[in-house]
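Notes follow once the structure below has been shown.
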Protein chains: 2
Amino acid sequence: MKDNTIEKVKLEEKFGLINDHWNPRIVGELNGQQVKLAKFLGPFEWHHHEHEDEFFLVVKGSFKMELRDKTITLNPGEFLIVPRGVEHRPVADQEAEVLMFEPATTINTGNLPQSERTRTNLETL
Amino acid sequence: MKDNTIEKVKLEEKFGLINDHWNPRIVGELNGQQVKLAKFLGPFEWHHHEHEDEFFLVVKGSFKMELRDKTITLNPGEFLIVPRGVEHRPVADQEAEVLMFEPATTINTGNLPQSERTRTNLETL
């Protein structure tokens with residue numbers, strides 16, 4: 001790889017291009033994993049991922065990760081790893097900007113049947 | 001996995017436990033990858049990783065990633081992915097707090113012979 005194709009990514013700039021919610025965009029790829037950005041607002045769906053662990057880091061705003069046994073509130077500069085198999089539902093009372101790190105194979109709605117919330121063929125920003 | 005073993009991580013709190021430089025600590029594991037935190041200060045060594053891409057996100061401060069063809073300055077909220085095989089040298093004129101994602105197998109000094117800067121058996125915070 002030529003050095004001159006390597007560029008940094010400014011999170012604020014990329015989030016500025018996102019005008020919807022629960023629609024992850026790819027902003028980086030490494031080792032078969034992807035770095036994704038999404039804006040969260042309102043409640044998402046309960047779901048789990050059979051084979052993939054998910055990393056969520058709040059960049060701006062905050063959201064609650066509901067698990068079956070407890071709820072964890074995530075603020076800027078805080079991250080959570082949801083291990084494979086664990087049911088979870090993110091809920092954002094106000095808009096949150098979230099960086100995710102997960103395998104390239106991960107679908108946002110996990111085990112659920114495909115719905116209007118399911119995102120495949122994610123856009124790369 | 002029991003939900004009640006799942007806890008969030010506050011970056012500021014973890015960085016507060018780090019009092020040295022160029023000594024990555026593990027703060028999370030997912031999908032065979034690790035989330036690491038380190039404080040950078042001064043110049044590191046030129047090196048590359050044969051089989052691993054590396055992700056660097058600046059949380060506080062700033063540093064320069066020197067590549068053979070150019071230098072990229074990273075500020076808070078900016079990340080860079082250094083692809084496998086690309087020679088690089090991080091240099092921090094002032095202290096920087098950096099989050100890294102990389103495979104669990106990655107050694108900080110990459111292809112270099114083991115030295116006093118090499119860190120193996122990383123501490124988990």
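All residue names refer to the structure tokens as shown: chains lettered A, B, ... in order, residues numbered from 1 in each chain, ligands numbered from 1 in order.
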Let's have chain B fitted on chain A; use all the C-alpha atoms paired in order for the least-squares step and return it as a compact mmCIF listing (two decimals) with N, CA and C atoms, in the first residue's frame.
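The resulting file, result27.txt, is shown below:
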# COMPACT_ATOMS: atom_id res chain seq x y z
N MET B 1 0.81 -1.20 0.03
CA MET B 1 -0.03 0.01 0.02
C MET B 1 0.85 1.26 0.03
N LYS B 2 0.52 2.18 -0.85
CA LYS B 2 1.25 3.44 -0.91
C LYS B 2 0.88 4.31 0.31
N ASP B 3 1.91 4.91 0.89
CA ASP B 3 1.66 5.79 2.04
C ASP B 3 0.68 6.90 1.70
N ASN B 4 0.74 7.38 0.46
CA ASN B 4 -0.05 8.56 0.15
C ASN B 4 -1.55 8.30 -0.01
N THR B 5 -1.95 7.03 0.12
CA THR B 5 -3.39 6.75 0.16
C THR B 5 -3.91 6.72 1.59
N ILE B 6 -3.01 6.87 2.55
CA ILE B 6 -3.40 6.81 3.96
C ILE B 6 -3.83 8.20 4.42
N GLU B 7 -5.03 8.30 4.94
CA GLU B 7 -5.55 9.59 5.39
C GLU B 7 -6.19 9.42 6.76
N LYS B 8 -6.12 10.45 7.58
CA LYS B 8 -6.83 10.39 8.85
C LYS B 8 -8.32 10.64 8.64
N VAL B 9 -9.09 10.29 9.65
CA VAL B 9 -10.53 10.51 9.63
C VAL B 9 -10.90 11.40 10.81
N LYS B 10 -11.64 12.48 10.53
CA LYS B 10 -12.14 13.36 11.59
C LYS B 10 -13.57 12.94 11.91
N LEU B 11 -13.78 12.49 13.12
CA LEU B 11 -15.11 11.99 13.48
C LEU B 11 -16.19 13.06 13.30
N GLU B 12 -15.89 14.26 13.75
CA GLU B 12 -16.88 15.34 13.68
C GLU B 12 -17.33 15.61 12.24
N GLU B 13 -16.35 15.56 11.33
CA GLU B 13 -16.66 15.79 9.92
C GLU B 13 -17.56 14.69 9.37
N LYS B 14 -17.25 13.45 9.73
CA LYS B 14 -18.05 12.31 9.23
C LYS B 14 -19.46 12.33 9.82
N PHE B 15 -19.55 12.61 11.12
CA PHE B 15 -20.89 12.67 11.73
C PHE B 15 -21.72 13.79 11.08
N GLY B 16 -21.05 14.84 10.64
CA GLY B 16 -21.75 15.94 9.99
C GLY B 16 -22.42 15.54 8.68
N LEU B 17 -21.98 14.42 8.13
CA LEU B 17 -22.56 13.92 6.87
C LEU B 17 -23.76 13.00 7.10
N ILE B 18 -24.00 12.69 8.39
CA ILE B 18 -25.07 11.74 8.72
C ILE B 18 -26.31 12.49 9.19
N ASN B 19 -27.40 12.29 8.47
CA ASN B 19 -28.63 13.03 8.78
C ASN B 19 -29.80 12.11 9.12
N ASP B 20 -29.49 10.86 9.43
CA ASP B 20 -30.57 9.94 9.81
C ASP B 20 -30.12 9.15 11.04
N HIS B 21 -30.94 8.18 11.45
CA HIS B 21 -30.66 7.46 12.69
C HIS B 21 -30.66 5.95 12.46
N TRP B 22 -29.85 5.27 13.26
CA TRP B 22 -29.79 3.79 13.21
C TRP B 22 -29.34 3.28 11.85
N ASN B 23 -28.54 4.08 11.16
CA ASN B 23 -28.07 3.71 9.82
C ASN B 23 -26.54 3.82 9.80
N PRO B 24 -25.84 2.76 10.20
CA PRO B 24 -24.39 2.84 10.35
C PRO B 24 -23.68 3.05 9.01
N ARG B 25 -22.66 3.89 9.03
CA ARG B 25 -21.78 4.09 7.88
C ARG B 25 -20.40 3.54 8.22
N ILE B 26 -19.75 3.03 7.20
CA ILE B 26 -18.38 2.51 7.36
C ILE B 26 -17.40 3.66 7.18
N VAL B 27 -16.49 3.82 8.14
CA VAL B 27 -15.46 4.85 8.02
C VAL B 27 -14.05 4.27 8.10
N GLY B 28 -13.94 2.97 8.24
CA GLY B 28 -12.61 2.36 8.26
C GLY B 28 -12.72 0.85 8.28
N GLU B 29 -11.69 0.18 7.75
CA GLU B 29 -11.66 -1.27 7.77
C GLU B 29 -10.27 -1.72 8.19
N LEU B 30 -10.22 -2.72 9.05
CA LEU B 30 -8.93 -3.27 9.47
C LEU B 30 -9.11 -4.68 10.00
N ASN B 31 -8.25 -5.55 9.56
CA ASN B 31 -8.22 -6.92 10.08
C ASN B 31 -9.60 -7.61 10.02
N GLY B 32 -10.34 -7.36 8.96
CA GLY B 32 -11.65 -7.99 8.81
C GLY B 32 -12.74 -7.35 9.66
N GLN B 33 -12.36 -6.30 10.37
CA GLN B 33 -13.32 -5.57 11.21
C GLN B 33 -13.62 -4.23 10.53
N GLN B 34 -14.75 -3.66 10.91
CA GLN B 34 -15.08 -2.34 10.39
C GLN B 34 -15.28 -1.34 11.52
N VAL B 35 -14.91 -0.10 11.23
CA VAL B 35 -15.22 1.01 12.10
C VAL B 35 -16.45 1.67 11.50
N LYS B 36 -17.49 1.78 12.30
CA LYS B 36 -18.75 2.34 11.80
C LYS B 36 -19.17 3.51 12.67
N LEU B 37 -19.87 4.46 12.07
CA LEU B 37 -20.46 5.58 12.81
C LEU B 37 -21.96 5.58 12.59
N ALA B 38 -22.69 5.87 13.64
CA ALA B 38 -24.14 6.02 13.49
C ALA B 38 -24.64 7.04 14.50
N LYS B 39 -25.76 7.67 14.13
CA LYS B 39 -26.49 8.50 15.09
C LYS B 39 -27.66 7.67 15.61
N PHE B 40 -27.82 7.70 16.91
CA PHE B 40 -28.92 6.97 17.56
C PHE B 40 -29.96 7.98 18.01
N LEU B 41 -31.22 7.66 17.85
CA LEU B 41 -32.29 8.48 18.44
C LEU B 41 -33.53 7.62 18.63
N GLY B 42 -34.05 7.65 19.85
CA GLY B 42 -35.22 6.83 20.16
C GLY B 42 -34.81 5.41 20.50
N PRO B 43 -35.79 4.52 20.61
CA PRO B 43 -35.49 3.13 20.93
C PRO B 43 -35.18 2.33 19.67
N PHE B 44 -34.22 1.42 19.75
CA PHE B 44 -33.98 0.47 18.67
C PHE B 44 -34.75 -0.81 19.02
N GLU B 45 -34.38 -1.92 18.41
CA GLU B 45 -35.08 -3.19 18.65
C GLU B 45 -34.22 -4.08 19.54
N TRP B 46 -34.86 -4.91 20.33
CA TRP B 46 -34.15 -5.96 21.05
C TRP B 46 -33.59 -6.96 20.04
N HIS B 47 -32.30 -7.27 20.17
CA HIS B 47 -31.70 -8.25 19.26
C HIS B 47 -30.40 -8.76 19.88
N HIS B 48 -29.83 -9.75 19.26
CA HIS B 48 -28.47 -10.18 19.62
C HIS B 48 -27.75 -10.61 18.37
N HIS B 49 -26.45 -10.79 18.51
CA HIS B 49 -25.62 -11.25 17.40
C HIS B 49 -25.05 -12.61 17.79
N GLU B 50 -25.29 -13.60 16.97
CA GLU B 50 -24.92 -14.96 17.33
C GLU B 50 -23.41 -15.13 17.46
N HIS B 51 -22.65 -14.51 16.56
CA HIS B 51 -21.21 -14.81 16.47
C HIS B 51 -20.32 -13.58 16.59
N GLU B 52 -20.89 -12.44 16.93
CA GLU B 52 -20.10 -11.23 16.89
C GLU B 52 -20.24 -10.41 18.17
N ASP B 53 -19.10 -9.97 18.69
CA ASP B 53 -19.09 -9.02 19.79
C ASP B 53 -19.15 -7.62 19.19
N GLU B 54 -19.79 -6.71 19.90
CA GLU B 54 -19.92 -5.34 19.39
C GLU B 54 -19.37 -4.33 20.38
N PHE B 55 -18.67 -3.33 19.85
CA PHE B 55 -18.07 -2.26 20.65
C PHE B 55 -18.81 -0.96 20.34
N PHE B 56 -19.22 -0.25 21.38
CA PHE B 56 -19.92 1.03 21.23
C PHE B 56 -19.19 2.10 22.04
N LEU B 57 -18.73 3.15 21.38
CA LEU B 57 -18.09 4.27 22.07
C LEU B 57 -18.89 5.53 21.78
N VAL B 58 -19.32 6.22 22.84
CA VAL B 58 -20.08 7.46 22.64
C VAL B 58 -19.11 8.61 22.38
N VAL B 59 -19.34 9.29 21.27
CA VAL B 59 -18.54 10.46 20.91
C VAL B 59 -19.25 11.74 21.35
N LYS B 60 -20.58 11.75 21.24
CA LYS B 60 -21.37 12.94 21.61
C LYS B 60 -22.75 12.48 22.06
N GLY B 61 -23.34 13.19 23.00
CA GLY B 61 -24.66 12.79 23.50
C GLY B 61 -24.53 11.60 24.43
N SER B 62 -25.60 10.87 24.60
CA SER B 62 -25.55 9.68 25.44
C SER B 62 -26.68 8.75 25.05
N PHE B 63 -26.55 7.49 25.41
CA PHE B 63 -27.66 6.55 25.21
C PHE B 63 -27.62 5.48 26.28
N LYS B 64 -28.72 4.79 26.40
CA LYS B 64 -28.81 3.69 27.36
C LYS B 64 -28.74 2.37 26.60
N MET B 65 -27.91 1.46 27.06
CA MET B 65 -27.94 0.11 26.51
C MET B 65 -28.73 -0.74 27.48
N GLU B 66 -29.91 -1.15 27.04
CA GLU B 66 -30.73 -2.03 27.87
C GLU B 66 -30.29 -3.47 27.64
N LEU B 67 -30.00 -4.15 28.74
CA LEU B 67 -29.74 -5.59 28.71
C LEU B 67 -30.92 -6.21 29.45
N ARG B 68 -31.05 -7.52 29.43
CA ARG B 68 -32.22 -8.12 30.08
C ARG B 68 -32.17 -7.94 31.60
N ASP B 69 -30.94 -7.86 32.16
CA ASP B 69 -30.80 -7.76 33.61
C ASP B 69 -30.50 -6.37 34.14
N LYS B 70 -30.04 -5.50 33.26
CA LYS B 70 -29.73 -4.15 33.74
C LYS B 70 -29.62 -3.20 32.55
N THR B 71 -29.53 -1.91 32.87
CA THR B 71 -29.39 -0.88 31.84
C THR B 71 -28.13 -0.09 32.14
N ILE B 72 -27.33 0.15 31.10
CA ILE B 72 -26.07 0.87 31.26
C ILE B 72 -26.16 2.16 30.45
N THR B 73 -25.96 3.30 31.11
CA THR B 73 -25.99 4.58 30.42
C THR B 73 -24.59 4.95 29.98
N LEU B 74 -24.43 5.25 28.71
CA LEU B 74 -23.12 5.58 28.15
C LEU B 74 -23.06 7.05 27.78
N ASN B 75 -22.03 7.71 28.30
CA ASN B 75 -21.79 9.13 28.04
C ASN B 75 -20.54 9.29 27.18
N PRO B 76 -20.25 10.50 26.71
CA PRO B 76 -19.07 10.69 25.85
C PRO B 76 -17.80 10.19 26.54
N GLY B 77 -16.98 9.49 25.77
CA GLY B 77 -15.73 8.95 26.31
C GLY B 77 -15.92 7.64 27.06
N GLU B 78 -17.09 7.05 26.93
CA GLU B 78 -17.35 5.76 27.57
C GLU B 78 -17.70 4.73 26.52
N PHE B 79 -17.18 3.51 26.72
CA PHE B 79 -17.53 2.46 25.76
C PHE B 79 -18.04 1.22 26.47
N LEU B 80 -18.71 0.39 25.68
CA LEU B 80 -19.28 -0.86 26.16
C LEU B 80 -19.07 -1.91 25.09
N ILE B 81 -18.68 -3.10 25.52
CA ILE B 81 -18.62 -4.23 24.59
C ILE B 81 -19.77 -5.17 24.93
N VAL B 82 -20.62 -5.41 23.95
CA VAL B 82 -21.72 -6.36 24.13
C VAL B 82 -21.28 -7.69 23.52
N PRO B 83 -21.05 -8.70 24.36
CA PRO B 83 -20.56 -9.97 23.83
C PRO B 83 -21.63 -10.68 22.98
N ARG B 84 -21.15 -11.51 22.08
CA ARG B 84 -22.06 -12.28 21.22
C ARG B 84 -23.09 -13.02 22.07
N GLY B 85 -24.28 -13.13 21.55
CA GLY B 85 -25.32 -13.89 22.24
C GLY B 85 -26.10 -13.11 23.27
N VAL B 86 -25.63 -11.93 23.65
CA VAL B 86 -26.31 -11.15 24.70
C VAL B 86 -27.36 -10.23 24.07
N GLU B 87 -28.59 -10.40 24.51
CA GLU B 87 -29.67 -9.56 24.00
C GLU B 87 -29.49 -8.13 24.49
N HIS B 88 -29.71 -7.20 23.59
CA HIS B 88 -29.53 -5.80 23.96
C HIS B 88 -30.44 -4.91 23.11
N ARG B 89 -30.72 -3.74 23.66
CA ARG B 89 -31.52 -2.75 22.95
C ARG B 89 -30.99 -1.37 23.29
N PRO B 90 -30.38 -0.68 22.33
CA PRO B 90 -29.96 0.70 22.57
C PRO B 90 -31.16 1.65 22.49
N VAL B 91 -31.18 2.59 23.41
CA VAL B 91 -32.25 3.60 23.46
C VAL B 91 -31.60 4.96 23.70
N ALA B 92 -31.88 5.90 22.82
CA ALA B 92 -31.32 7.24 22.97
C ALA B 92 -32.44 8.25 23.17
N ASP B 93 -32.53 8.83 24.36
CA ASP B 93 -33.58 9.81 24.62
C ASP B 93 -33.32 11.09 23.83
N GLN B 94 -32.02 11.38 23.64
CA GLN B 94 -31.65 12.48 22.75
C GLN B 94 -30.63 11.93 21.76
N GLU B 95 -30.36 12.65 20.72
CA GLU B 95 -29.45 12.12 19.69
C GLU B 95 -28.07 11.83 20.25
N ALA B 96 -27.53 10.68 19.90
CA ALA B 96 -26.17 10.30 20.31
C ALA B 96 -25.35 9.95 19.07
N GLU B 97 -24.07 10.32 19.13
CA GLU B 97 -23.13 9.97 18.05
C GLU B 97 -22.25 8.84 18.57
N VAL B 98 -22.25 7.73 17.85
CA VAL B 98 -21.63 6.52 18.37
C VAL B 98 -20.68 5.90 17.35
N LEU B 99 -19.49 5.54 17.83
CA LEU B 99 -18.52 4.80 17.02
C LEU B 99 -18.61 3.34 17.40
N MET B 100 -18.67 2.48 16.40
CA MET B 100 -18.74 1.03 16.63
C MET B 100 -17.59 0.31 15.94
N PHE B 101 -17.12 -0.76 16.58
CA PHE B 101 -16.18 -1.69 15.94
C PHE B 101 -16.87 -3.02 15.90
N GLU B 102 -16.86 -3.66 14.80
CA GLU B 102 -17.44 -4.99 14.74
C GLU B 102 -17.00 -5.67 13.46
N PRO B 103 -17.19 -6.98 13.37
CA PRO B 103 -16.77 -7.66 12.15
C PRO B 103 -17.52 -7.13 10.94
N ALA B 104 -16.89 -7.22 9.79
CA ALA B 104 -17.50 -6.75 8.55
C ALA B 104 -18.82 -7.46 8.28
N THR B 105 -19.02 -8.62 8.88
CA THR B 105 -20.23 -9.41 8.64
C THR B 105 -21.44 -8.99 9.48
N THR B 106 -21.22 -8.11 10.48
CA THR B 106 -22.30 -7.80 11.42
C THR B 106 -23.44 -7.01 10.78
N ILE B 107 -24.65 -7.46 10.99
CA ILE B 107 -25.87 -6.76 10.53
C ILE B 107 -26.48 -6.07 11.75
N ASN B 108 -26.92 -4.83 11.56
CA ASN B 108 -27.35 -4.04 12.72
C ASN B 108 -28.48 -4.67 13.53
N THR B 109 -29.36 -5.39 12.88
CA THR B 109 -30.50 -5.97 13.61
C THR B 109 -30.27 -7.42 14.04
N GLY B 110 -29.02 -7.88 13.89
CA GLY B 110 -28.63 -9.17 14.47
C GLY B 110 -29.50 -10.32 14.01
N ASN B 111 -30.09 -10.99 15.00
CA ASN B 111 -30.87 -12.21 14.76
C ASN B 111 -32.29 -11.96 14.25
N LEU B 112 -32.72 -10.71 14.20
CA LEU B 112 -34.12 -10.43 13.83
C LEU B 112 -34.38 -10.69 12.36
N PRO B 113 -35.63 -11.00 12.01
CA PRO B 113 -35.99 -11.07 10.59
C PRO B 113 -35.72 -9.71 9.94
N GLN B 114 -35.42 -9.72 8.67
CA GLN B 114 -35.16 -8.46 7.97
C GLN B 114 -36.37 -7.53 8.11
N SER B 115 -36.10 -6.26 8.37
CA SER B 115 -37.19 -5.28 8.52
C SER B 115 -36.75 -3.97 7.91
N GLU B 116 -37.58 -2.95 8.07
CA GLU B 116 -37.22 -1.65 7.51
C GLU B 116 -36.05 -1.02 8.26
N ARG B 117 -35.71 -1.61 9.41
CA ARG B 117 -34.56 -1.09 10.16
C ARG B 117 -33.26 -1.80 9.78
N THR B 118 -33.37 -2.89 9.09
CA THR B 118 -32.17 -3.65 8.73
C THR B 118 -31.38 -2.88 7.69
N ARG B 119 -30.07 -2.81 7.91
CA ARG B 119 -29.20 -2.13 6.95
C ARG B 119 -28.17 -3.12 6.45
N THR B 120 -28.17 -3.33 5.14
CA THR B 120 -27.12 -4.13 4.52
C THR B 120 -26.46 -3.24 3.48
N ASN B 121 -25.36 -3.66 2.90
CA ASN B 121 -24.63 -2.84 1.94
C ASN B 121 -24.45 -1.41 2.46
N LEU B 122 -23.82 -1.31 3.60
CA LEU B 122 -23.64 -0.01 4.24
C LEU B 122 -22.82 0.92 3.35
N GLU B 123 -23.18 2.17 3.42
CA GLU B 123 -22.46 3.22 2.73
C GLU B 123 -21.10 3.46 3.41
N THR B 124 -20.09 3.75 2.62
CA THR B 124 -18.80 4.13 3.17
C THR B 124 -18.65 5.65 3.03
N LEU B 125 -18.32 6.30 4.15
CA LEU B 125 -18.15 7.76 4.11
C LEU B 125 -16.68 8.11 3.95
Inset, instruction - Could you pull out the residues in chain B that DSSP calls strand (DSSP E) from the backbone, as number ranges by chain? - result: B: 9-10, 25-30, 33-43, 54-60, 63-67, 71-74, 78-82, 88-103
Inset, instruction - Select from chain B everything DSSP, run on the backbone, classes as helix (DSSP H, G or I), then give the selection as a ChimeraX atom specification. - result: /B:3-5,11-15
